[in-house]
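To be precise, the following lines are data09.csv, and they hold CSV, C-alpha atoms and all ligand atoms.
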chain,number,residue,atom,x,y,z
A,1,MET,CA,-13.2,-11.3,-23.6
A,2,LYS,CA,-13.2,-9.5,-20.2
A,3,ASN,CA,-13.5,-5.7,-20.0
A,4,ILE,CA,-10.7,-4.2,-17.9
A,5,LEU,CA,-10.4,-0.6,-16.9
A,6,VAL,CA,-6.8,0.7,-16.7
A,7,ILE,CA,-6.4,3.7,-14.3
A,8,THR,CA,-3.0,5.4,-14.8
A,9,THR,CA,-1.4,7.4,-12.0
A,10,GLY,CA,2.2,7.8,-13.2
A,11,GLY,CA,5.5,6.3,-12.0
A,12,THR,CA,8.4,5.0,-14.0
A,13,ILE,CA,6.0,2.9,-16.0
A,14,ALA,CA,4.9,6.2,-17.7
A,15,MET,CA,8.2,8.0,-17.7
A,16,LYS,CA,10.7,8.9,-20.4
A,17,TYR,CA,14.3,9.9,-20.2
A,18,ASP,CA,14.7,13.7,-20.7
A,19,PRO,CA,18.2,14.4,-22.1
A,20,VAL,CA,18.1,18.1,-21.1
A,21,LYS,CA,17.3,17.3,-17.4
A,22,ASP,CA,19.4,14.1,-17.6
A,23,ALA,CA,16.6,12.4,-15.6
A,24,PHE,CA,13.4,10.5,-16.0
A,25,VAL,CA,10.3,12.6,-16.0
A,26,PRO,CA,6.6,11.8,-16.3
A,27,ALA,CA,5.8,11.8,-20.1
A,28,LYS,CA,3.8,9.0,-21.4
A,29,SER,CA,0.0,9.4,-21.7
A,30,GLY,CA,-2.2,6.4,-20.8
A,31,LYS,CA,-2.9,5.8,-24.4
A,32,GLU,CA,0.8,5.8,-25.3
A,33,LEU,CA,1.4,3.4,-22.4
A,34,LEU,CA,-1.2,0.9,-23.6
A,35,ASN,CA,-0.2,1.2,-27.3
A,36,SER,CA,3.4,0.4,-26.3
A,37,VAL,CA,2.5,-3.2,-25.5
A,38,PRO,CA,2.1,-5.2,-28.8
A,39,GLY,CA,-0.9,-7.5,-28.8
A,40,ILE,CA,-2.2,-6.4,-25.4
A,41,ASN,CA,-5.8,-6.1,-26.8
A,42,MET,CA,-5.8,-9.9,-27.6
A,43,PHE,CA,-6.2,-10.5,-23.8
A,44,ALA,CA,-8.9,-8.1,-22.8
A,45,GLN,CA,-11.0,-5.1,-24.0
A,46,LEU,CA,-9.2,-2.2,-22.3
A,47,LYS,CA,-10.7,1.2,-21.4
A,48,LEU,CA,-8.6,4.0,-19.9
A,49,VAL,CA,-9.0,6.5,-17.1
A,50,GLU,CA,-6.1,8.9,-16.7
A,51,PHE,CA,-6.1,9.8,-13.0
A,52,SER,CA,-2.7,11.5,-12.7
A,53,ASN,CA,0.8,11.4,-14.2
A,54,ILE,CA,3.1,11.9,-11.2
A,55,ASP,CA,6.1,10.3,-9.7
A,56,SER,CA,4.6,8.3,-6.8
A,57,SER,CA,6.7,10.2,-4.3
A,58,GLU,CA,4.1,13.0,-5.0
A,59,MET,CA,1.2,10.7,-4.2
A,60,THR,CA,-0.7,11.9,-1.1
A,61,PRO,CA,-3.3,10.2,1.2
A,62,GLU,CA,-6.0,12.5,-0.2
A,63,MET,CA,-5.2,11.5,-3.7
A,64,MET,CA,-5.2,7.8,-2.7
A,65,PHE,CA,-8.6,8.3,-1.2
A,66,ARG,CA,-9.9,9.9,-4.3
A,67,LEU,CA,-8.5,7.0,-6.3
A,68,THR,CA,-10.4,4.6,-4.1
A,69,GLN,CA,-13.6,6.6,-4.9
A,70,THR,CA,-12.9,6.4,-8.6
A,71,ILE,CA,-12.3,2.7,-8.4
A,72,ASN,CA,-15.6,2.2,-6.5
A,73,GLN,CA,-17.5,4.2,-9.0
A,74,HIS,CA,-16.3,2.0,-11.9
A,75,LEU,CA,-16.4,-1.3,-10.1
A,76,VAL,CA,-20.2,-1.1,-9.6
A,77,ARG,CA,-20.6,-1.0,-13.4
A,78,ASP,CA,-21.6,-4.4,-14.8
A,79,GLU,CA,-19.5,-3.8,-17.9
A,80,VAL,CA,-16.3,-3.6,-15.8
A,81,ASP,CA,-14.8,-7.0,-15.0
A,82,GLY,CA,-11.6,-5.8,-13.3
A,83,ILE,CA,-9.4,-2.9,-12.7
A,84,ILE,CA,-5.7,-2.2,-13.2
A,85,VAL,CA,-3.9,0.7,-11.6
A,86,THR,CA,-0.5,1.7,-12.9
A,87,HIS,CA,1.6,3.4,-10.2
A,88,GLY,CA,5.2,4.2,-9.2
A,89,THR,CA,6.9,1.6,-7.1
A,90,ASP,CA,8.0,4.1,-4.4
A,91,THR,CA,4.6,4.4,-2.6
A,92,LEU,CA,2.7,1.6,-4.4
A,93,GLU,CA,2.6,-0.4,-1.2
A,94,GLU,CA,0.5,2.3,0.5
A,95,THR,CA,-1.8,3.0,-2.4
A,96,ALA,CA,-2.4,-0.8,-2.8
A,97,TYR,CA,-3.2,-1.2,0.9
A,98,ILE,CA,-5.6,1.8,1.1
A,99,ILE,CA,-7.5,0.3,-1.9
A,100,ASP,CA,-7.5,-3.1,-0.2
A,101,LEU,CA,-9.0,-1.6,3.0
A,102,LEU,CA,-11.6,0.7,1.4
A,103,VAL,CA,-12.8,-1.1,-1.7
A,104,ASP,CA,-14.8,-4.2,-1.1
A,105,SER,CA,-15.4,-6.1,-4.4
A,106,GLU,CA,-15.1,-9.6,-5.7
A,107,LYS,CA,-13.7,-8.2,-9.0
A,108,PRO,CA,-9.9,-8.3,-9.4
A,109,ILE,CA,-8.1,-5.1,-8.6
A,110,VAL,CA,-4.5,-5.2,-9.7
A,111,LEU,CA,-1.7,-2.6,-9.3
A,112,THR,CA,1.4,-2.8,-11.5
A,113,ALA,CA,4.5,-0.7,-12.0
A,114,ALA,CA,7.9,-0.8,-13.6
A,115,MET,CA,11.5,-0.1,-12.5
A,116,ARG,CA,12.9,0.7,-16.0
A,117,GLY,CA,11.3,3.2,-18.3
A,118,PHE,CA,10.1,2.2,-21.7
A,119,ASP,CA,13.2,3.7,-23.4
A,120,GLU,CA,15.7,1.9,-21.1
A,121,LEU,CA,17.5,-1.3,-22.0
A,122,GLY,CA,15.8,-4.3,-20.4
A,123,THR,CA,12.6,-2.3,-19.7
A,124,ASP,CA,10.0,-4.2,-17.6
A,125,VAL,CA,7.0,-2.0,-18.7
A,126,PRO,CA,5.5,-4.4,-21.3
A,127,THR,CA,5.9,-7.6,-19.3
A,128,ASN,CA,4.3,-6.1,-16.2
A,129,LEU,CA,1.4,-4.4,-18.0
A,130,LEU,CA,0.6,-7.6,-19.9
A,131,ALA,CA,0.9,-9.7,-16.7
A,132,ALA,CA,-1.5,-7.2,-15.0
A,133,VAL,CA,-4.0,-7.6,-17.8
A,134,LYS,CA,-3.8,-11.4,-17.5
A,135,ALA,CA,-4.4,-11.2,-13.7
A,136,ALA,CA,-7.2,-8.7,-13.9
A,137,SER,CA,-9.0,-10.8,-16.5
A,138,SER,CA,-8.5,-14.1,-14.6
A,139,ASP,CA,-11.3,-15.6,-12.5
A,140,SER,CA,-8.5,-17.0,-10.2
A,141,CYS,CA,-7.8,-13.5,-9.1
A,142,ARG,CA,-11.4,-12.8,-8.0
A,143,ASN,CA,-12.1,-12.5,-4.2
A,144,LEU,CA,-8.4,-12.1,-3.3
A,145,GLY,CA,-8.5,-8.4,-2.3
A,146,THR,CA,-6.3,-5.9,-4.0
A,147,LEU,CA,-3.3,-7.5,-5.8
A,148,VAL,CA,0.1,-6.3,-6.9
A,149,VAL,CA,1.5,-7.8,-10.0
A,150,LYS,CA,5.1,-7.4,-10.9
A,151,ASN,CA,7.9,-9.6,-12.2
A,152,ASP,CA,5.3,-12.3,-13.0
A,153,GLU,CA,4.4,-12.5,-9.3
A,154,ILE,CA,1.1,-11.8,-7.6
A,155,HIS,CA,1.3,-10.2,-4.1
A,156,ALA,CA,-1.3,-9.3,-1.5
A,157,ALA,CA,-1.6,-5.6,-0.9
A,158,ARG,CA,-1.3,-5.9,2.9
A,159,GLU,CA,1.9,-7.8,2.6
A,160,VAL,CA,3.9,-6.3,-0.3
A,161,ILE,CA,6.7,-3.8,0.2
A,162,LYS,CA,9.4,-2.2,-1.9
A,163,THR,CA,12.6,-4.0,-0.9
A,164,TYR,CA,15.2,-2.8,-3.4
A,165,THR,CA,16.1,0.7,-4.7
A,166,SER,CA,17.1,-0.5,-8.1
A,167,ASN,CA,16.3,-4.1,-8.9
A,168,VAL,CA,13.3,-5.0,-11.1
A,169,ALA,CA,12.4,-7.6,-8.5
A,170,THR,CA,11.7,-4.9,-5.9
A,171,LEU,CA,8.2,-5.8,-4.8
A,172,GLU,CA,8.2,-8.6,-2.3
A,173,SER,CA,6.2,-9.9,0.6
A,174,PRO,CA,8.8,-10.6,3.3
A,175,GLY,CA,7.8,-13.5,5.6
A,176,TYR,CA,5.0,-14.5,3.3
A,177,GLY,CA,6.0,-14.7,-0.4
A,178,PRO,CA,3.7,-14.2,-3.4
A,179,LEU,CA,0.1,-15.4,-3.6
A,180,GLY,CA,0.8,-16.8,-7.0
A,181,ILE,CA,2.5,-16.4,-10.4
A,182,ILE,CA,1.7,-15.5,-14.0
A,183,ASP,CA,2.9,-18.2,-16.3
A,184,PRO,CA,2.6,-17.9,-20.1
A,185,ASP,CA,-0.4,-20.2,-20.2
A,186,HIS,CA,-2.0,-19.7,-16.8
A,187,VAL,CA,-2.5,-17.4,-13.8
A,188,ILE,CA,-1.7,-19.7,-10.8
A,189,ILE,CA,-2.8,-18.9,-7.2
A,190,PHE,CA,-1.1,-20.9,-4.5
A,191,ARG,CA,-2.6,-19.3,-1.4
A,192,LYS,CA,-5.0,-16.6,-0.1
A,193,SER,CA,-4.2,-13.9,2.5
A,194,ILE,CA,-6.9,-14.8,5.0
A,195,ILE,CA,-6.3,-11.9,7.5
A,196,ARG,CA,-7.2,-9.2,5.1
A,197,GLU,CA,-10.1,-6.9,6.1
A,198,THR,CA,-12.3,-4.0,4.9
A,199,ILE,CA,-13.0,-0.7,6.6
A,200,VAL,CA,-16.1,1.1,5.6
A,201,ALA,CA,-15.1,4.7,5.8
A,202,LYS,CA,-16.5,7.7,4.0
A,203,ARG,CA,-13.4,9.8,4.6
A,204,ILE,CA,-9.9,9.4,5.9
A,205,GLU,CA,-8.0,11.3,8.5
A,206,PRO,CA,-4.7,12.3,6.6
A,207,ASN,CA,-3.1,14.0,9.6
A,208,VAL,CA,-1.5,10.8,10.9
A,209,ALA,CA,2.3,10.6,11.4
A,210,LEU,CA,4.8,7.8,11.3
A,211,TYR,CA,7.9,7.9,13.5
A,212,LYS,CA,10.8,5.4,13.0
A,213,MET,CA,12.8,4.5,16.1
A,214,SER,CA,16.6,4.2,16.3
A,215,ALA,CA,19.1,3.7,19.2
A,216,GLY,CA,19.0,6.7,21.5
A,217,ASN,CA,16.0,8.4,19.8
A,218,ASP,CA,14.6,11.0,22.2
A,219,GLY,CA,11.2,11.3,20.7
A,220,SER,CA,11.6,15.0,19.8
A,221,SER,CA,9.8,14.5,16.5
A,222,ILE,CA,6.8,13.2,18.5
A,223,ASP,CA,6.8,16.5,20.4
A,224,TYR,CA,6.9,18.3,17.1
A,225,GLY,CA,3.9,16.3,15.9
A,226,LEU,CA,1.9,17.0,19.0
A,227,LYS,CA,2.5,20.7,18.7
A,228,ASN,CA,1.3,20.5,15.1
A,229,ASN,CA,-2.0,18.9,16.0
A,230,ILE,CA,-1.5,15.4,14.6
A,231,LYS,CA,-4.6,13.2,15.2
A,232,GLY,CA,-2.7,10.0,15.8
A,233,PHE,CA,0.6,8.3,15.0
A,234,VAL,CA,2.4,5.1,14.3
A,235,ILE,CA,5.7,4.2,15.9
A,236,GLU,CA,8.0,1.9,14.1
A,237,GLY,CA,9.7,0.5,17.2
A,238,LEU,CA,12.7,-1.7,17.7
A,239,GLY,CA,12.5,-5.5,17.5
A,240,ARG,CA,9.3,-6.9,19.2
A,241,GLY,CA,8.1,-3.3,19.7
A,242,ASN,CA,10.3,-1.5,22.2
A,243,LEU,CA,11.4,2.1,22.4
A,244,PRO,CA,14.2,4.1,24.0
A,245,THR,CA,13.0,5.5,27.3
A,246,LYS,CA,12.9,9.1,26.3
A,247,ALA,CA,10.9,8.3,23.2
A,248,ALA,CA,8.6,6.1,25.3
A,249,GLU,CA,7.9,9.1,27.6
A,250,LYS,CA,6.7,11.1,24.6
A,251,VAL,CA,4.5,8.3,23.5
A,252,LEU,CA,2.9,8.0,27.0
A,253,ARG,CA,2.3,11.7,27.0
A,254,ALA,CA,0.4,11.4,23.6
A,255,ILE,CA,-1.6,8.4,24.9
A,256,ASN,CA,-2.6,10.5,28.0
A,257,LEU,CA,-3.7,13.3,25.7
A,258,GLY,CA,-6.1,10.7,24.1
A,259,LEU,CA,-4.3,10.2,20.8
A,260,PRO,CA,-4.4,6.7,19.2
A,261,VAL,CA,-0.8,5.4,18.9
A,262,VAL,CA,-0.1,2.2,17.0
A,263,LEU,CA,3.1,0.2,17.6
A,264,THR,CA,4.8,-1.6,14.7
A,265,SER,CA,8.4,-2.8,14.3
A,266,ARG,CA,11.2,-1.7,12.1
A,267,CYS,CA,11.9,-5.4,11.5
A,268,PHE,CA,10.1,-6.4,8.3
A,269,LYS,CA,9.0,-9.9,9.4
A,270,GLY,CA,6.9,-10.9,12.4
A,271,ARG,CA,4.4,-9.2,14.6
A,272,VAL,CA,4.9,-6.9,17.6
A,273,LEU,CA,4.2,-8.2,21.1
A,274,GLY,CA,4.9,-6.8,24.6
A,275,LEU,CA,7.5,-9.1,26.2
A,276,TYR,CA,9.7,-6.6,27.9
A,277,GLY,CA,8.8,-4.6,30.9
A,278,GLY,CA,11.5,-1.9,30.9
A,279,THR,CA,10.6,1.8,30.7
A,280,GLY,CA,10.3,1.6,26.9
A,281,GLY,CA,9.4,-2.0,26.8
A,282,GLY,CA,6.4,-3.1,24.6
A,283,LYS,CA,4.6,-4.7,27.6
A,284,LYS,CA,4.7,-1.4,29.5
A,285,LEU,CA,3.6,0.6,26.5
A,286,HIS,CA,0.7,-1.8,25.8
A,287,ASP,CA,-0.5,-1.7,29.4
A,288,ALA,CA,-0.5,2.1,29.1
A,289,GLY,CA,-2.7,2.0,26.0
A,290,ILE,CA,-0.5,1.7,22.9
A,291,ILE,CA,-2.2,-0.3,20.2
A,292,TYR,CA,-0.4,-3.3,18.6
A,293,GLY,CA,-0.1,-3.0,14.9
A,294,GLY,CA,0.5,-6.7,14.4
A,295,ASP,CA,2.6,-7.6,11.4
A,296,LEU,CA,1.9,-4.4,9.5
A,297,SER,CA,4.8,-2.3,8.3
A,298,GLY,CA,4.9,1.3,9.6
A,299,PRO,CA,3.6,2.9,6.4
A,300,LYS,CA,0.8,0.4,6.1
A,301,ALA,CA,-0.2,0.8,9.8
A,302,ARG,CA,-0.3,4.6,9.1
A,303,ILE,CA,-2.7,4.1,6.1
A,304,LYS,CA,-4.9,1.8,8.3
A,305,LEU,CA,-5.0,4.4,11.1
A,306,MET,CA,-6.0,7.1,8.6
A,307,CYS,CA,-8.9,4.8,7.5
A,308,ALA,CA,-9.8,3.8,11.0
A,309,LEU,CA,-9.9,7.5,12.1
A,310,GLY,CA,-12.0,8.3,9.0
A,311,LYS,CA,-14.6,5.8,10.4
A,312,THR,CA,-14.5,6.4,14.1
A,313,SER,CA,-12.8,8.3,16.9
A,314,ASP,CA,-13.8,5.5,19.4
A,315,MET,CA,-10.5,4.2,20.8
A,316,LEU,CA,-11.9,0.8,21.6
A,317,GLU,CA,-13.2,0.3,18.1
A,318,ILE,CA,-9.8,1.4,16.7
A,319,LYS,CA,-8.0,-1.0,19.0
A,320,LYS,CA,-10.3,-3.8,17.8
A,321,MET,CA,-9.6,-3.0,14.2
A,322,PHE,CA,-5.8,-3.4,14.8
A,323,GLU,CA,-5.7,-6.2,17.4
A,324,GLY,CA,-9.0,-8.1,16.8
A,325,GLY,CA,-7.8,-10.9,14.5
A,326,MET,CA,-4.3,-11.2,15.7
A,327,TYR,CA,-4.4,-10.8,19.5
A,328,GLY,CA,-8.1,-11.4,20.4
B,401,LIG,N1,10.1,7.1,-9.2
B,401,LIG,C1,9.3,6.1,-9.5
B,401,LIG,C2,8.0,6.3,-8.7
B,401,LIG,O1,7.1,7.0,-9.2
B,401,LIG,C3,9.9,4.8,-9.2
B,401,LIG,C4,9.1,3.7,-9.9
B,401,LIG,O2,8.0,4.0,-10.4
B,401,LIG,O3,9.6,2.6,-9.9
B,401,LIG,O4,7.7,5.7,-7.7

Can you present the structure in this file as structure tokens?
Amino acid sequence: MKNILVITTGGTIAMKYDPVKDAFVPAKSGKELLNSVPGINMFAQLKLVEFSNIDSSEMTPEMMFRLTQTINQHLVRDEVDGIIVTHGTDTLEETAYIIDLLVDSEKPIVLTAAMRGFDELGTDVPTNLLAAVKAASSDSCRNLGTLVVKNDEIHAAREVIKTYTSNVATLESPGYGPLGIIDPDHVIIFRKSIIRETIVAKRIEPNVALYKMSAGNDGSSIDYGLKNNIKGFVIEGLGRGNLPTKAAEKVLRAINLGLPVVLTSRCFKGRVLGLYGGTGGGKKLHDAGIIYGGDLSGPKARIKLMCALGKTSDMLEIKKMFEGGMYG
């Protein structure tokens, strides 16, 4: 039997309904969580590390970075064959991606979550935990980078996002689909995400902002960020990666100040590319020094910029990290 370490961080998967507050609150300990799945020990020897017990809306980049350090410490131990991280769905896509970028291991690393607490009708806690144990113990899940297992699907950390506020099938990889599935008798992998990468960074730079564009946006939030000493930012632009003129002026100012600015799209499929030469057009922005974020979502590009800035402040190196594989 494989030895799997379960690291709990919180989320609905570890919550209970509190009748006084009339709301779900963090309540279950890691031990309670594992004990709540009958027969789970038949699939692997499970050990537990309780990292935190928070709603994932409280997860911070600093905590995510500490989590990657905890994972690295345990992964080097021979007696650990794989790792499971339980997490809330709200920010799971960011935590999964930072682990994917900063942890380089052949061993399976699997994040899982739930949308319905254990006390709720139709809870998805036991099925997701069991599926995560099966994935983390499977040789098919080695060398695939950090994985997200939910609803019997296996997703790549760089592709998965939360798509639905309420449905249990909330974690999807738009434009790509899952890497594989968990069936009762087998863990089946259909494909590999071949553009995943690792960044060797001893720290991260958490002071990185994300700005989402909308029609008529004047970029005043960018000005606010510049006044508050941000070290770089990601712009979730429109379509192929275009901005309203006033917002573009603020971006150009930031680039002239020497800040790394990464361009992504608020569309959730496809990559950004400068095709338009208007004042806020992606072509003009790229010629001026904006860095293409490829197909990454805004939140994921922000995580990557934090890691990139933790490694280097060399703008060319940062540009290569983002554009190397996809535009080079
Ligand atoms: N509120 C929860 C969270 O911690 C939602 C969930 O876990 O599904 O993100």

### Message
Could you list the protein, DNA and RNA residues that have any atom within 7 Å of ligand LIG 401 (chain B), counting all atoms listed in the file, and write them as a PyMOL selection string?
### Response
chain A and resi 10-13+54-57+87-91+113-115

### Task
Write out as an MDAnalysis selection string which residues come within 12 Å of Ser214 (chain A) when counting all atoms listed in the file, dropping same-chain ones fewer than 6 positions away.
chainID A and resid 235:239 241:247 265:267

### Task
Compare A:Asp218, A:Arg196, A:Gly277, A:Pro26 by their minimum atom-to-atom distance to Met321 (chain A), counting all atoms listed in the file, and give me the closest one.
A:Arg196

### Task
Write out as a ChimeraX atom specification which residues come within 7 Å of Pro178 (chain A) when counting all atoms listed in the file, dropping same-chain ones fewer than 3 positions away.
/A:153-155,173

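Distance annotation: of A:Arg66, A:Lys202, A:Lys47, A:Arg77, the residue with the minimal separation from Leu309 (chain A) is A:Lys202; atom set is only C-alpha atoms.
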
### Message
Give me the residues near Gly180 (chain A) as a PyMOL selection string, where near means some atom within 6 Å (using all atoms listed in the file) and where sequence neighbours in that chain fewer than 4 positions away do not count.
### Response
chain A and resi 154+188-190

Could the residues in this selection be written to a file with C-alpha atoms, as a PDB file, in the coordinates of the input?
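What follows is the written file again19.pdb:
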ATOM      1  CA  ILE A 154       1.100 -11.800  -7.600  1.00  0.00           C
ATOM      2  CA  ILE A 188      -1.700 -19.700 -10.800  1.00  0.00           C
ATOM      3  CA  ILE A 189      -2.800 -18.900  -7.200  1.00  0.00           C
ATOM      4  CA  PHE A 190      -1.100 -20.900  -4.500  1.00  0.00           C
TER       5      PHE A 190
END

### Task
Could you give me, as a PyMOL selection string, the residues that sit within 12 Å of (-2.7, -7.2, -20.3) in the file's coordinates, counting all atoms listed in the file?
chain A and resi 1-6+33-47+82-86+110-112+125-138+149+152+182+184

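CA of Glu106 (chain A) is found 29.1 Å from CA of Tyr292 (chain A).
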
### Query
Could you state the separation of CA of Gly298 (chain A) and CA of Lys192 (chain A) in Å, given to one decimal place?
22.6 Å

Atoms are missing here; could region 26-35 of chain A be completed with all heavy atoms and written as a JSON list (two decimals), in the coordinates of the input?
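Resulting contents of result.json:
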[["chain", "number", "residue", "atom", "x", "y", "z"],
["A", 26, "PRO", "N", 7.85, 12.29, -15.85],
["A", 26, "PRO", "CA", 6.60, 11.80, -16.30],
["A", 26, "PRO", "C", 6.30, 12.29, -17.75],
["A", 26, "PRO", "O", 6.44, 13.47, -18.01],
["A", 26, "PRO", "CB", 5.55, 12.42, -15.35],
["A", 26, "PRO", "CG", 6.36, 12.78, -14.14],
["A", 26, "PRO", "CD", 7.73, 13.10, -14.64],
["A", 27, "ALA", "N", 5.97, 11.39, -18.67],
["A", 27, "ALA", "CA", 5.80, 11.80, -20.10],
["A", 27, "ALA", "C", 4.75, 11.06, -20.82],
["A", 27, "ALA", "O", 3.97, 11.65, -21.56],
["A", 27, "ALA", "CB", 7.16, 11.66, -20.79],
["A", 28, "LYS", "N", 4.66, 9.76, -20.62],
["A", 28, "LYS", "CA", 3.80, 9.00, -21.40],
["A", 28, "LYS", "C", 2.30, 9.15, -21.02],
["A", 28, "LYS", "O", 1.99, 9.08, -19.84],
["A", 28, "LYS", "CB", 4.10, 7.49, -21.30],
["A", 28, "LYS", "CG", 5.03, 6.99, -22.37],
["A", 28, "LYS", "CD", 5.20, 5.49, -22.24],
["A", 28, "LYS", "CE", 6.33, 5.01, -23.12],
["A", 28, "LYS", "NZ", 6.10, 5.20, -24.54],
["A", 29, "SER", "N", 1.43, 9.35, -22.02],
["A", 29, "SER", "CA", 0.00, 9.40, -21.70],
["A", 29, "SER", "C", -0.46, 7.93, -21.51],
["A", 29, "SER", "O", 0.23, 6.99, -21.91],
["A", 29, "SER", "CB", -0.77, 10.01, -22.86],
["A", 29, "SER", "OG", -0.73, 9.13, -23.97],
["A", 30, "GLY", "N", -1.66, 7.76, -20.96],
["A", 30, "GLY", "CA", -2.20, 6.40, -20.80],
["A", 30, "GLY", "C", -2.32, 5.68, -22.09],
["A", 30, "GLY", "O", -2.02, 4.49, -22.18],
["A", 31, "LYS", "N", -2.72, 6.43, -23.12],
["A", 31, "LYS", "CA", -2.90, 5.80, -24.40],
["A", 31, "LYS", "C", -1.56, 5.31, -24.98],
["A", 31, "LYS", "O", -1.44, 4.18, -25.46],
["A", 31, "LYS", "CB", -3.50, 6.84, -25.39],
["A", 31, "LYS", "CG", -4.39, 6.24, -26.41],
["A", 31, "LYS", "CD", -5.23, 7.30, -27.06],
["A", 31, "LYS", "CE", -5.85, 6.68, -28.31],
["A", 31, "LYS", "NZ", -6.27, 7.67, -29.25],
["A", 32, "GLU", "N", -0.55, 6.16, -24.86],
["A", 32, "GLU", "CA", 0.80, 5.80, -25.30],
["A", 32, "GLU", "C", 1.25, 4.52, -24.56],
["A", 32, "GLU", "O", 1.88, 3.63, -25.13],
["A", 32, "GLU", "CB", 1.80, 6.89, -25.02],
["A", 32, "GLU", "CG", 1.86, 7.99, -26.05],
["A", 32, "GLU", "CD", 2.88, 9.02, -25.61],
["A", 32, "GLU", "OE1", 2.60, 9.74, -24.63],
["A", 32, "GLU", "OE2", 3.96, 9.10, -26.23],
["A", 33, "LEU", "N", 0.94, 4.50, -23.27],
["A", 33, "LEU", "CA", 1.40, 3.40, -22.40],
["A", 33, "LEU", "C", 0.74, 2.08, -22.95],
["A", 33, "LEU", "O", 1.45, 1.08, -23.15],
["A", 33, "LEU", "CB", 0.91, 3.65, -20.98],
["A", 33, "LEU", "CG", 1.34, 2.67, -19.92],
["A", 33, "LEU", "CD1", 2.85, 2.63, -19.80],
["A", 33, "LEU", "CD2", 0.76, 3.08, -18.57],
["A", 34, "LEU", "N", -0.57, 2.10, -23.18],
["A", 34, "LEU", "CA", -1.20, 0.90, -23.60],
["A", 34, "LEU", "C", -0.78, 0.50, -25.06],
["A", 34, "LEU", "O", -0.58, -0.69, -25.36],
["A", 34, "LEU", "CB", -2.75, 1.04, -23.61],
["A", 34, "LEU", "CG", -3.37, 1.20, -22.22],
["A", 34, "LEU", "CD1", -4.88, 1.22, -22.30],
["A", 34, "LEU", "CD2", -2.92, 0.07, -21.29],
["A", 35, "ASN", "N", -0.59, 1.52, -25.91],
["A", 35, "ASN", "CA", -0.20, 1.20, -27.30],
["A", 35, "ASN", "C", 1.25, 0.64, -27.34],
["A", 35, "ASN", "O", 1.65, 0.07, -28.34],
["A", 35, "ASN", "CB", -0.19, 2.50, -28.14],
["A", 35, "ASN", "CG", -1.62, 2.88, -28.48],
["A", 35, "ASN", "OD1", -2.51, 2.05, -28.36],
["A", 35, "ASN", "ND2", -1.84, 4.12, -28.88]]
